Amino acid sequence: MSINKKVRVRFAPSPTGGLHLGGVRTVLFNYLFARKYNGDFVLRIEDTDQSRYVEGAEQYITDCLKWCGLNPDEGPEKGGPFAPYRQSERKHSYRQYAEQLVQSGYAYYAFDTTEELEEQRRLTPNFRYGHENRKVLRNSLNLSSSEVENLLAKKIPHVIRIKMPSNETISFNDMIRGIVSFDTNLVDDKVLLKADGMPTYHLAVVVDDYLMKISHAFRGEEWLPSAPVHILLWEYLGWKAEMPEWVHLPLILKPDGNGKLSKRDGDRLGFPVYAMNWKDPQTGSVIKGFREMGYLPEAFVNMLALLGWNDGTEQEIFSLDELIEKFTIERINKAGAKFDFEKAKWFNHEYIKKADAASLNTGIRDTLSEKEITITDNKYLDKVIELVRNRLTFLQDFWEHAYFFFEQPKEYDLNAVKPKWNEPKTEFFQTLCDNLFELNNWDNEEVETKFKALSERKGIKLGELLLPFRVMLVGGKFGPGVFDIAATLGKEETIIRIKKALNIFND
Ligand code: GLU
């Protein structure tokens, strides 16, 4: 694909709550595209609908982008040449364009009161303010110009609506879908400027994409029905030549493919649909996030990239740099992408396996501090991480797989040991303690060599001894390689555990 203009893309969320997987994927595709073509990635907060504004949502969005490592080049926090990046702070810039549309006959003032519109809705099922009825409603298309002036002078509350043409087809090229067409008769006369002087999303998105010189507009497929209104606004405002390319991203579907994945599906099916925990400021209820579940941000980003995109091969694990290199709009699917939580888990597992222990260390500490466990010896923690990482799907799983490295067994699986326990075995472990005590180099090979030599000398099969040894060290039939466990626990602790267990086994 050849790109012949300066790439400027934007993520334009409304701060109405937590960030859904689909939102983060839109961020990611914007980001990859911007990085690939040396463009700019803009974060613009679309907060013109004051009734839907939710405290804390903007901060949450910024934090999410940080956590994912997908930081914008321009935005409310970072600033930039097109500031401000919050639409509420750009309020003054929209009215002139709405007025311009009225002057040129593409929009009109509508003075209908809420009560009048409610009455219309009551009388007409599926009422739509548009070409069929605009002639009988209270607007500047029907009122005389002196009446209109009078109402405006008296500051009678009014909105500005787009005048959708009738019997026309609006067609445009979507970079994923190709030519998309809409019948204008099916689109209502959307409000562009509200009675409080705030623009609606439709006006603001077009004005800001224009003023901010956006070259490509990536957004979810759910915005496709709004596109005809936007296309017309670009045309009516005289900006058609500068209109961005449209890229409507496929939906993320429920695991069974039946409909869009919603935040309620997460609760229902037991997996997160938000990037990070989102606490509703009104109800206090928390919707679970991937971050708090112990998902690594790199794995999250990789998993999201594959929801609706692939590079045409079987490859599934991509670093961010690789994604930037390989990402193309041509390889984004039209069809919705089913979200598969098992697959999402697999990604995280793969990333935990290959991450360096030091980078896992911080995340694991966080999960431990939630459990009020403090680990002071960082090096020791690193060693344990190295031993159990292959078993983890989430960082949260760490404790379950590793607690015995930090505390002595409280219980022992005696059923696994007792039936075959005897005096020679007791003697073996007593002597083993002495032999291990003499070791100067404490590592798994040395321990194993001593252990095996003694088993041969005592004439007891190795297989008979390994299980009791394991139970002595961890309490049961689980954990990594038993010599690795001993090597990590250290000489003193290993001997203490053997002696303690001997007392219990012989009780
Ligand atoms: N403000 C819209 C949203 O909340 C943005 C849609 C668009 O990118 O045009 O998702």
# chains A, B, ... in the order shown; residues from 1 in each chain; ligands from 1

call {"tool": "closest_atom_pairs", "arguments": {"of": "chain A", "to": "ligand 1", "cutoff": "8 Å", "atoms": "only C-alpha atoms and all ligand atoms", "output": "JSON lines"}}
result
{"residue": "A:Arg10", "atom": "CA", "partner": "ligand 1", "partner_atom_place_in_ligand_line": "8 (O)", "distance": 7.5}
{"residue": "A:Phe11", "atom": "CA", "partner": "ligand 1", "partner_atom_place_in_ligand_line": "8 (O)", "distance": 6.2}
{"residue": "A:Ala12", "atom": "CA", "partner": "ligand 1", "partner_atom_place_in_ligand_line": "5 (C)", "distance": 4.7}
{"residue": "A:Pro13", "atom": "CA", "partner": "ligand 1", "partner_atom_place_in_ligand_line": "4 (O)", "distance": 4.0}
{"residue": "A:Ser14", "atom": "CA", "partner": "ligand 1", "partner_atom_place_in_ligand_line": "4 (O)", "distance": 4.0}
{"residue": "A:Pro15", "atom": "CA", "partner": "ligand 1", "partner_atom_place_in_ligand_line": "4 (O)", "distance": 7.4}
{"residue": "A:Gly23", "atom": "CA", "partner": "ligand 1", "partner_atom_place_in_ligand_line": "10 (O)", "distance": 7.6}
{"residue": "A:Ile45", "atom": "CA", "partner": "ligand 1", "partner_atom_place_in_ligand_line": "1 (N)", "distance": 7.4}
{"residue": "A:Glu46", "atom": "CA", "partner": "ligand 1", "partner_atom_place_in_ligand_line": "1 (N)", "distance": 5.1}
{"residue": "A:Asp47", "atom": "CA", "partner": "ligand 1", "partner_atom_place_in_ligand_line": "1 (N)", "distance": 7.8}
{"residue": "A:Tyr201", "atom": "CA", "partner": "ligand 1", "partner_atom_place_in_ligand_line": "1 (N)", "distance": 6.5}
{"residue": "A:Val205", "atom": "CA", "partner": "ligand 1", "partner_atom_place_in_ligand_line": "9 (O)", "distance": 6.0}
{"residue": "A:Ala217", "atom": "CA", "partner": "ligand 1", "partner_atom_place_in_ligand_line": "8 (O)", "distance": 6.6}
{"residue": "A:Phe218", "atom": "CA", "partner": "ligand 1", "partner_atom_place_in_ligand_line": "8 (O)", "distance": 6.4}
{"residue": "A:Arg219", "atom": "CA", "partner": "ligand 1", "partner_atom_place_in_ligand_line": "8 (O)", "distance": 4.7}
{"residue": "A:Gly220", "atom": "CA", "partner": "ligand 1", "partner_atom_place_in_ligand_line": "8 (O)", "distance": 7.3}
{"residue": "A:Trp223", "atom": "CA", "partner": "ligand 1", "partner_atom_place_in_ligand_line": "6 (C)", "distance": 6.4}

call {"tool": "write_last_selection", "arguments": {"atoms": "all heavy atoms", "output": "short mmCIF file (atom, residue, chain, number, x, y, z; two decimals), in the first residue's frame"}}
result
data_model
loop_
_atom_site.label_atom_id
_atom_site.label_comp_id
_atom_site.auth_asym_id
_atom_site.auth_seq_id
_atom_site.Cartn_x
_atom_site.Cartn_y
_atom_site.Cartn_z
N ARG A 10 -5.90 8.96 15.02
CA ARG A 10 -6.35 9.33 16.35
C ARG A 10 -7.17 8.23 16.98
O ARG A 10 -7.86 7.47 16.32
CB ARG A 10 -7.16 10.64 16.29
CG ARG A 10 -8.64 10.53 15.99
CD ARG A 10 -8.97 9.91 14.66
NE ARG A 10 -10.33 10.08 14.21
CZ ARG A 10 -11.34 9.26 14.50
NH1 ARG A 10 -11.16 8.22 15.27
NH2 ARG A 10 -12.53 9.49 14.00
N PHE A 11 -7.05 8.13 18.30
CA PHE A 11 -7.97 7.31 19.08
C PHE A 11 -8.83 8.34 19.79
O PHE A 11 -8.30 9.24 20.43
CB PHE A 11 -7.22 6.42 20.05
CG PHE A 11 -8.13 5.61 20.94
CD1 PHE A 11 -9.11 4.79 20.39
CD2 PHE A 11 -8.01 5.66 22.32
CE1 PHE A 11 -9.96 4.05 21.20
CE2 PHE A 11 -8.85 4.92 23.14
CZ PHE A 11 -9.82 4.11 22.58
N ALA A 12 -10.14 8.21 19.62
CA ALA A 12 -11.02 9.28 20.07
C ALA A 12 -12.11 8.77 21.00
O ALA A 12 -13.28 8.79 20.68
CB ALA A 12 -11.65 9.94 18.83
N PRO A 13 -11.72 8.27 22.17
CA PRO A 13 -12.74 7.68 23.05
C PRO A 13 -13.58 8.72 23.77
O PRO A 13 -13.13 9.85 24.00
CB PRO A 13 -11.89 6.93 24.07
CG PRO A 13 -10.65 7.74 24.18
CD PRO A 13 -10.39 8.27 22.79
N SER A 14 -14.79 8.32 24.08
CA SER A 14 -15.61 9.13 24.97
C SER A 14 -15.37 8.60 26.37
O SER A 14 -15.40 7.39 26.58
CB SER A 14 -17.09 8.98 24.60
OG SER A 14 -17.26 9.45 23.29
N PRO A 15 -15.11 9.48 27.32
CA PRO A 15 -14.76 8.98 28.67
C PRO A 15 -16.00 8.57 29.45
O PRO A 15 -16.46 9.25 30.35
CB PRO A 15 -14.07 10.19 29.31
CG PRO A 15 -14.64 11.37 28.60
CD PRO A 15 -15.07 10.94 27.23
N GLY A 23 -11.70 -1.42 22.29
CA GLY A 23 -11.13 -0.07 22.32
C GLY A 23 -9.61 -0.14 22.30
O GLY A 23 -8.95 0.61 21.56
N ILE A 45 -9.92 13.24 23.48
CA ILE A 45 -11.01 12.84 24.38
C ILE A 45 -12.30 13.50 23.90
O ILE A 45 -12.42 14.72 23.85
CB ILE A 45 -10.68 13.25 25.83
CG1 ILE A 45 -9.37 12.58 26.31
CG2 ILE A 45 -11.83 12.93 26.77
CD1 ILE A 45 -9.43 11.07 26.41
N GLU A 46 -13.27 12.65 23.54
CA GLU A 46 -14.53 13.15 23.00
C GLU A 46 -15.57 13.23 24.12
O GLU A 46 -16.37 12.32 24.32
CB GLU A 46 -14.98 12.27 21.83
CG GLU A 46 -13.89 12.20 20.77
CD GLU A 46 -14.38 12.04 19.34
OE1 GLU A 46 -15.36 11.32 19.12
OE2 GLU A 46 -13.76 12.67 18.44
N ASP A 47 -15.50 14.32 24.84
CA ASP A 47 -16.31 14.45 26.06
C ASP A 47 -17.40 15.53 25.92
O ASP A 47 -17.66 16.27 26.85
CB ASP A 47 -15.39 14.78 27.25
CG ASP A 47 -14.59 16.05 27.01
OD1 ASP A 47 -14.60 16.55 25.88
OD2 ASP A 47 -13.94 16.53 27.95
N TYR A 201 -21.32 14.44 18.93
CA TYR A 201 -20.19 13.66 18.42
C TYR A 201 -20.02 13.85 16.91
O TYR A 201 -18.91 14.04 16.42
CB TYR A 201 -20.44 12.19 18.79
CG TYR A 201 -19.74 11.21 17.90
CD1 TYR A 201 -18.35 11.14 17.89
CD2 TYR A 201 -20.46 10.38 17.05
CE1 TYR A 201 -17.70 10.25 17.06
CE2 TYR A 201 -19.83 9.49 16.22
CZ TYR A 201 -18.45 9.43 16.22
OH TYR A 201 -17.81 8.56 15.39
N VAL A 205 -16.51 15.25 15.74
CA VAL A 205 -15.54 14.30 15.19
C VAL A 205 -15.04 14.78 13.83
O VAL A 205 -13.86 14.68 13.51
CB VAL A 205 -16.13 12.86 15.15
CG1 VAL A 205 -17.10 12.66 14.01
CG2 VAL A 205 -15.03 11.83 15.08
N ALA A 217 -8.92 7.37 9.64
CA ALA A 217 -9.76 7.25 10.83
C ALA A 217 -10.07 5.78 11.08
O ALA A 217 -10.87 5.17 10.38
CB ALA A 217 -11.04 8.06 10.65
N PHE A 218 -9.40 5.22 12.08
CA PHE A 218 -9.66 3.84 12.51
C PHE A 218 -10.72 3.90 13.61
O PHE A 218 -10.55 4.65 14.57
CB PHE A 218 -8.41 3.22 13.15
CG PHE A 218 -7.29 2.91 12.22
CD1 PHE A 218 -6.47 3.91 11.74
CD2 PHE A 218 -7.03 1.59 11.85
CE1 PHE A 218 -5.40 3.61 10.89
CE2 PHE A 218 -5.97 1.29 11.01
CZ PHE A 218 -5.16 2.29 10.53
N ARG A 219 -11.74 3.11 13.47
CA ARG A 219 -12.71 3.01 14.57
C ARG A 219 -13.50 1.72 14.40
O ARG A 219 -13.47 1.09 13.35
CB ARG A 219 -13.63 4.24 14.58
CG ARG A 219 -14.42 4.43 13.31
CD ARG A 219 -15.18 5.74 13.35
NE ARG A 219 -16.00 5.93 12.17
CZ ARG A 219 -16.66 7.04 11.93
NH1 ARG A 219 -16.61 8.05 12.78
NH2 ARG A 219 -17.41 7.15 10.84
N GLY A 220 -14.23 1.37 15.44
CA GLY A 220 -14.97 0.11 15.43
C GLY A 220 -16.10 0.14 14.41
O GLY A 220 -16.63 1.20 14.06
N TRP A 223 -19.45 2.11 14.36
CA TRP A 223 -19.59 3.51 13.92
C TRP A 223 -19.94 3.62 12.44
O TRP A 223 -20.16 4.72 11.94
CB TRP A 223 -18.31 4.30 14.22
CG TRP A 223 -18.07 4.35 15.68
CD1 TRP A 223 -17.17 3.60 16.38
CD2 TRP A 223 -18.77 5.14 16.65
NE1 TRP A 223 -17.26 3.88 17.73
CE2 TRP A 223 -18.25 4.82 17.91
CE3 TRP A 223 -19.80 6.08 16.56
CZ2 TRP A 223 -18.71 5.41 19.09
CZ3 TRP A 223 -20.27 6.66 17.72
CH2 TRP A 223 -19.72 6.32 18.97
#

call {"tool": "residues_around", "arguments": {"residues": "Glu386 (chain A)", "least_positions_apart": "3", "cutoff": "10 Å", "atoms": "only C-alpha atoms", "output": "number ranges by chain"}}
result
A: 353, 355-358, 360, 380-383, 389-390

call {"tool": "write_last_selection", "arguments": {"atoms": "C-alpha atoms", "output": "short mmCIF file (atom, residue, chain, number, x, y, z; two decimals), in the first residue's frame"}}
result
data_model
loop_
_atom_site.label_atom_id
_atom_site.label_comp_id
_atom_site.auth_asym_id
_atom_site.auth_seq_id
_atom_site.Cartn_x
_atom_site.Cartn_y
_atom_site.Cartn_z
CA LYS A 353 7.78 -18.53 29.69
CA ALA A 355 10.08 -13.10 29.77
CA ASP A 356 13.20 -12.47 31.82
CA ALA A 357 12.77 -13.22 35.51
CA ALA A 358 13.60 -9.65 36.51
CA LEU A 360 8.30 -10.82 36.01
CA TYR A 380 15.82 -15.74 45.79
CA LEU A 381 12.52 -14.69 44.21
CA ASP A 382 14.20 -14.60 40.79
CA LYS A 383 15.46 -18.15 41.26
CA ARG A 389 7.45 -19.88 35.26
CA ASN A 390 6.66 -22.68 32.80
#

call {"tool": "residues_around", "arguments": {"residues": "Tyr97 (chain A)", "least_positions_apart": "3", "cutoff": "8 Å", "atoms": "only C-alpha atoms", "output": "MDAnalysis selection string"}}
result
chainID A and resid 93:94 100:101 207 237

call {"tool": "residues_around", "arguments": {"residues": "region 437-440 of chain A", "least_positions_apart": "5", "cutoff": "9 Å", "atoms": "only C-alpha atoms", "output": "PyMOL selection string"}}
result
chain A and resi 432+446-447+450+491-492+495

call {"tool": "write_last_selection", "arguments": {"atoms": "C-alpha atoms", "output": "PDB file, in the first residue's frame"}}
result
ATOM      1  CA  LEU A 432      21.798 -37.879  53.650  1.00  0.00           C
ATOM      2  CA  GLU A 446      25.951 -31.876  43.574  1.00  0.00           C
ATOM      3  CA  VAL A 447      22.868 -32.707  45.601  1.00  0.00           C
ATOM      4  CA  LYS A 450      25.283 -37.262  46.645  1.00  0.00           C
ATOM      5  CA  LYS A 491      21.588 -26.374  52.355  1.00  0.00           C
ATOM      6  CA  GLU A 492      20.378 -25.333  55.760  1.00  0.00           C
ATOM      7  CA  ILE A 495      18.385 -30.275  56.036  1.00  0.00           C
TER       8      ILE A 495
END

call {"tool": "select_by_dssp", "arguments": {"residues": "region 11-161 of chain A", "states": "strand (DSSP E)", "output": "list of chain:residue names"}}
result
A:Phe11, A:Asp40, A:Phe41, A:Val42, A:Leu43, A:Ala107, A:Tyr108, A:Tyr109, A:Ala110, A:Val159, A:Ile160, A:Arg161

call {"tool": "write_last_selection", "arguments": {"atoms": "N, CA and C atoms", "output": "PDB file, in the first residue's frame"}}
result
ATOM      1  N   PHE A  11      -7.047   8.129  18.296  1.00  0.00           N
ATOM      2  CA  PHE A  11      -7.974   7.312  19.075  1.00  0.00           C
ATOM      3  C   PHE A  11      -8.831   8.338  19.788  1.00  0.00           C
ATOM      4  N   ASP A  40       1.896  10.311  13.256  1.00  0.00           N
ATOM      5  CA  ASP A  40       1.597  10.753  14.616  1.00  0.00           C
ATOM      6  C   ASP A  40       0.352  10.030  15.106  1.00  0.00           C
ATOM      7  N   PHE A  41       0.412   9.662  16.358  1.00  0.00           N
ATOM      8  CA  PHE A  41      -0.747   9.011  16.979  1.00  0.00           C
ATOM      9  C   PHE A  41      -1.300   9.958  18.045  1.00  0.00           C
ATOM     10  N   VAL A  42      -2.544  10.360  17.826  1.00  0.00           N
ATOM     11  CA  VAL A  42      -3.169  11.383  18.669  1.00  0.00           C
ATOM     12  C   VAL A  42      -4.219  10.739  19.581  1.00  0.00           C
ATOM     13  N   LEU A  43      -4.235  11.149  20.828  1.00  0.00           N
ATOM     14  CA  LEU A  43      -5.343  10.764  21.714  1.00  0.00           C
ATOM     15  C   LEU A  43      -6.238  11.987  21.878  1.00  0.00           C
ATOM     16  N   ALA A 107     -28.049  22.671   6.899  1.00  0.00           N
ATOM     17  CA  ALA A 107     -28.486  22.390   8.272  1.00  0.00           C
ATOM     18  C   ALA A 107     -29.541  23.439   8.629  1.00  0.00           C
ATOM     19  N   TYR A 108     -30.215  23.237   9.733  1.00  0.00           N
ATOM     20  CA  TYR A 108     -31.276  24.177  10.109  1.00  0.00           C
ATOM     21  C   TYR A 108     -31.433  24.223  11.624  1.00  0.00           C
ATOM     22  N   TYR A 109     -32.020  25.313  12.087  1.00  0.00           N
ATOM     23  CA  TYR A 109     -32.311  25.447  13.515  1.00  0.00           C
ATOM     24  C   TYR A 109     -33.595  24.687  13.808  1.00  0.00           C
ATOM     25  N   ALA A 110     -33.612  23.977  14.884  1.00  0.00           N
ATOM     26  CA  ALA A 110     -34.849  23.286  15.289  1.00  0.00           C
ATOM     27  C   ALA A 110     -35.183  23.714  16.717  1.00  0.00           C
ATOM     28  N   VAL A 159     -31.603  23.552  18.706  1.00  0.00           N
ATOM     29  CA  VAL A 159     -30.461  22.756  18.268  1.00  0.00           C
ATOM     30  C   VAL A 159     -30.243  23.036  16.782  1.00  0.00           C
ATOM     31  N   ILE A 160     -29.106  22.616  16.267  1.00  0.00           N
ATOM     32  CA  ILE A 160     -28.894  22.681  14.819  1.00  0.00           C
ATOM     33  C   ILE A 160     -28.832  21.248  14.310  1.00  0.00           C
ATOM     34  N   ARG A 161     -29.651  20.978  13.298  1.00  0.00           N
ATOM     35  CA  ARG A 161     -29.700  19.622  12.734  1.00  0.00           C
ATOM     36  C   ARG A 161     -29.202  19.620  11.305  1.00  0.00           C
TER      37      ARG A 161
END

call {"tool": "residues_around", "arguments": {"residues": "Phe406 (chain A)", "least_positions_apart": "2", "cutoff": "9 Å", "atoms": "only C-alpha atoms", "output": "PDB file with N, CA and C atoms, in the first residue's frame"}}
result
ATOM      1  N   ILE A 375       8.273 -10.262  50.143  1.00  0.00           N
ATOM      2  CA  ILE A 375       9.497 -11.043  49.942  1.00  0.00           C
ATOM      3  C   ILE A 375      10.663 -10.077  49.914  1.00  0.00           C
ATOM      4  N   ALA A 402       4.349 -21.953  44.043  1.00  0.00           N
ATOM      5  CA  ALA A 402       5.663 -21.675  44.623  1.00  0.00           C
ATOM      6  C   ALA A 402       5.652 -21.393  46.121  1.00  0.00           C
ATOM      7  N   TYR A 403       4.481 -21.465  46.754  1.00  0.00           N
ATOM      8  CA  TYR A 403       4.430 -21.048  48.171  1.00  0.00           C
ATOM      9  C   TYR A 403       5.422 -21.805  49.047  1.00  0.00           C
ATOM     10  N   PHE A 404       5.689 -23.077  48.690  1.00  0.00           N
ATOM     11  CA  PHE A 404       6.553 -23.905  49.537  1.00  0.00           C
ATOM     12  C   PHE A 404       8.016 -23.462  49.519  1.00  0.00           C
ATOM     13  N   GLN A 408       7.641 -23.455  55.258  1.00  0.00           N
ATOM     14  CA  GLN A 408       7.809 -24.910  55.400  1.00  0.00           C
ATOM     15  C   GLN A 408       6.453 -25.585  55.311  1.00  0.00           C
ATOM     16  N   LEU A 489      16.203 -24.057  47.796  1.00  0.00           N
ATOM     17  CA  LEU A 489      15.945 -23.849  49.232  1.00  0.00           C
ATOM     18  C   LEU A 489      17.243 -23.582  49.990  1.00  0.00           C
TER      19      LEU A 489
END

call {"tool": "atom_distance", "arguments": {"atom1": "CA of Ile214 (chain A)", "atom2": "CA of Ala299 (chain A)"}}
result
29.2 Å

call {"tool": "select_by_dssp", "arguments": {"residues": "region 255-441 of chain A", "states": "alpha helix (DSSP H)", "output": "ChimeraX atom specification"}}
result
/A:263-269,297-305,320-326,341-354,357-370,378-388,398-402,414-417,423-438

call {"tool": "closest_residue", "arguments": {"among": "A:Lys91, A:Lys410, A:Lys425, A:Arg138", "to": "Lys500 (chain A)", "atoms": "only C-alpha atoms"}}
result
A:Lys410

call {"tool": "residues_around", "arguments": {"residues": "Glu245 (chain A)", "least_positions_apart": "6", "cutoff": "8 Å", "atoms": "only C-alpha atoms", "output": "PyMOL selection string"}}
result
chain A and resi 173-175+215-217

call {"tool": "write_last_selection", "arguments": {"atoms": "C-alpha atoms", "output": "compact mmCIF listing (two decimals), in the first residue's frame"}}
result
# COMPACT_ATOMS: atom_id res chain seq x y z
CA ASN A 173 -14.45 3.63 0.31
CA ASP A 174 -13.58 1.83 3.49
CA MET A 175 -10.06 0.44 3.45
CA SER A 215 -5.25 11.13 7.55
CA HIS A 216 -6.82 7.78 8.49
CA ALA A 217 -9.76 7.25 10.83

call {"tool": "closest_residue", "arguments": {"among": "A:Leu70, A:Ile364, A:Asp377, A:Asp112", "to": "Leu143 (chain A)", "atoms": "only C-alpha atoms"}}
result
A:Asp112

call {"tool": "decode", "arguments": {"residues": "region 381-399 of chain A", "atoms": "N, CA, C and O atoms", "output": "PDB file, in the first residue's frame"}}
result
ATOM      1  N   LEU A 381      13.768 -14.711  44.964  1.00  0.00           N
ATOM      2  CA  LEU A 381      12.515 -14.686  44.207  1.00  0.00           C
ATOM      3  C   LEU A 381      12.798 -14.968  42.727  1.00  0.00           C
ATOM      4  O   LEU A 381      12.093 -15.756  42.089  1.00  0.00           O
ATOM      5  N   ASP A 382      13.834 -14.359  42.199  1.00  0.00           N
ATOM      6  CA  ASP A 382      14.201 -14.602  40.794  1.00  0.00           C
ATOM      7  C   ASP A 382      14.447 -16.087  40.521  1.00  0.00           C
ATOM      8  O   ASP A 382      14.013 -16.626  39.517  1.00  0.00           O
ATOM      9  N   LYS A 383      15.154 -16.727  41.449  1.00  0.00           N
ATOM     10  CA  LYS A 383      15.463 -18.151  41.264  1.00  0.00           C
ATOM     11  C   LYS A 383      14.175 -18.975  41.241  1.00  0.00           C
ATOM     12  O   LYS A 383      14.016 -19.892  40.438  1.00  0.00           O
ATOM     13  N   VAL A 384      13.272 -18.643  42.163  1.00  0.00           N
ATOM     14  CA  VAL A 384      12.017 -19.402  42.239  1.00  0.00           C
ATOM     15  C   VAL A 384      11.205 -19.169  40.959  1.00  0.00           C
ATOM     16  O   VAL A 384      10.640 -20.106  40.380  1.00  0.00           O
ATOM     17  N   ILE A 385      11.174 -17.912  40.512  1.00  0.00           N
ATOM     18  CA  ILE A 385      10.422 -17.596  39.278  1.00  0.00           C
ATOM     19  C   ILE A 385      10.944 -18.463  38.131  1.00  0.00           C
ATOM     20  O   ILE A 385      10.185 -19.055  37.365  1.00  0.00           O
ATOM     21  N   GLU A 386      12.272 -18.543  38.040  1.00  0.00           N
ATOM     22  CA  GLU A 386      12.893 -19.343  36.979  1.00  0.00           C
ATOM     23  C   GLU A 386      12.374 -20.786  37.020  1.00  0.00           C
ATOM     24  O   GLU A 386      12.137 -21.390  35.988  1.00  0.00           O
ATOM     25  N   LEU A 387      12.185 -21.312  38.222  1.00  0.00           N
ATOM     26  CA  LEU A 387      11.777 -22.715  38.354  1.00  0.00           C
ATOM     27  C   LEU A 387      10.304 -22.953  38.041  1.00  0.00           C
ATOM     28  O   LEU A 387       9.946 -24.031  37.586  1.00  0.00           O
ATOM     29  N   VAL A 388       9.449 -21.977  38.311  1.00  0.00           N
ATOM     30  CA  VAL A 388       8.009 -22.274  38.167  1.00  0.00           C
ATOM     31  C   VAL A 388       7.352 -21.569  36.979  1.00  0.00           C
ATOM     32  O   VAL A 388       6.206 -21.843  36.652  1.00  0.00           O
ATOM     33  N   ARG A 389       8.069 -20.692  36.318  1.00  0.00           N
ATOM     34  CA  ARG A 389       7.451 -19.876  35.262  1.00  0.00           C
ATOM     35  C   ARG A 389       6.727 -20.693  34.197  1.00  0.00           C
ATOM     36  O   ARG A 389       5.691 -20.283  33.690  1.00  0.00           O
ATOM     37  N   ASN A 390       7.287 -21.883  33.860  1.00  0.00           N
ATOM     38  CA  ASN A 390       6.655 -22.682  32.802  1.00  0.00           C
ATOM     39  C   ASN A 390       5.272 -23.183  33.189  1.00  0.00           C
ATOM     40  O   ASN A 390       4.527 -23.668  32.363  1.00  0.00           O
ATOM     41  N   ARG A 391       4.973 -23.092  34.475  1.00  0.00           N
ATOM     42  CA  ARG A 391       3.685 -23.598  34.941  1.00  0.00           C
ATOM     43  C   ARG A 391       2.643 -22.506  35.067  1.00  0.00           C
ATOM     44  O   ARG A 391       1.509 -22.770  35.446  1.00  0.00           O
ATOM     45  N   LEU A 392       3.025 -21.261  34.821  1.00  0.00           N
ATOM     46  CA  LEU A 392       2.100 -20.156  35.091  1.00  0.00           C
ATOM     47  C   LEU A 392       1.328 -19.729  33.844  1.00  0.00           C
ATOM     48  O   LEU A 392       1.921 -19.558  32.789  1.00  0.00           O
ATOM     49  N   THR A 393       0.037 -19.532  34.024  1.00  0.00           N
ATOM     50  CA  THR A 393      -0.754 -18.908  32.961  1.00  0.00           C
ATOM     51  C   THR A 393      -0.866 -17.426  33.270  1.00  0.00           C
ATOM     52  O   THR A 393      -0.782 -16.583  32.399  1.00  0.00           O
ATOM     53  N   PHE A 394      -1.065 -17.117  34.541  1.00  0.00           N
ATOM     54  CA  PHE A 394      -1.136 -15.729  35.000  1.00  0.00           C
ATOM     55  C   PHE A 394      -0.110 -15.544  36.115  1.00  0.00           C
ATOM     56  O   PHE A 394       0.234 -16.517  36.799  1.00  0.00           O
ATOM     57  N   LEU A 395       0.310 -14.318  36.317  1.00  0.00           N
ATOM     58  CA  LEU A 395       1.251 -14.067  37.410  1.00  0.00           C
ATOM     59  C   LEU A 395       0.633 -14.471  38.749  1.00  0.00           C
ATOM     60  O   LEU A 395       1.325 -14.888  39.664  1.00  0.00           O
ATOM     61  N   GLN A 396      -0.684 -14.342  38.811  1.00  0.00           N
ATOM     62  CA  GLN A 396      -1.400 -14.713  40.037  1.00  0.00           C
ATOM     63  C   GLN A 396      -1.194 -16.166  40.430  1.00  0.00           C
ATOM     64  O   GLN A 396      -1.362 -16.525  41.569  1.00  0.00           O
ATOM     65  N   ASP A 397      -0.866 -17.002  39.432  1.00  0.00           N
ATOM     66  CA  ASP A 397      -0.715 -18.430  39.722  1.00  0.00           C
ATOM     67  C   ASP A 397       0.563 -18.711  40.497  1.00  0.00           C
ATOM     68  O   ASP A 397       0.788 -19.825  40.968  1.00  0.00           O
ATOM     69  N   PHE A 398       1.430 -17.716  40.577  1.00  0.00           N
ATOM     70  CA  PHE A 398       2.760 -17.933  41.145  1.00  0.00           C
ATOM     71  C   PHE A 398       2.698 -18.569  42.540  1.00  0.00           C
ATOM     72  O   PHE A 398       3.342 -19.571  42.818  1.00  0.00           O
ATOM     73  N   TRP A 399       1.915 -17.975  43.408  1.00  0.00           N
ATOM     74  CA  TRP A 399       1.900 -18.435  44.805  1.00  0.00           C
ATOM     75  C   TRP A 399       1.480 -19.891  44.914  1.00  0.00           C
ATOM     76  O   TRP A 399       2.100 -20.688  45.610  1.00  0.00           O
TER      77      TRP A 399
END
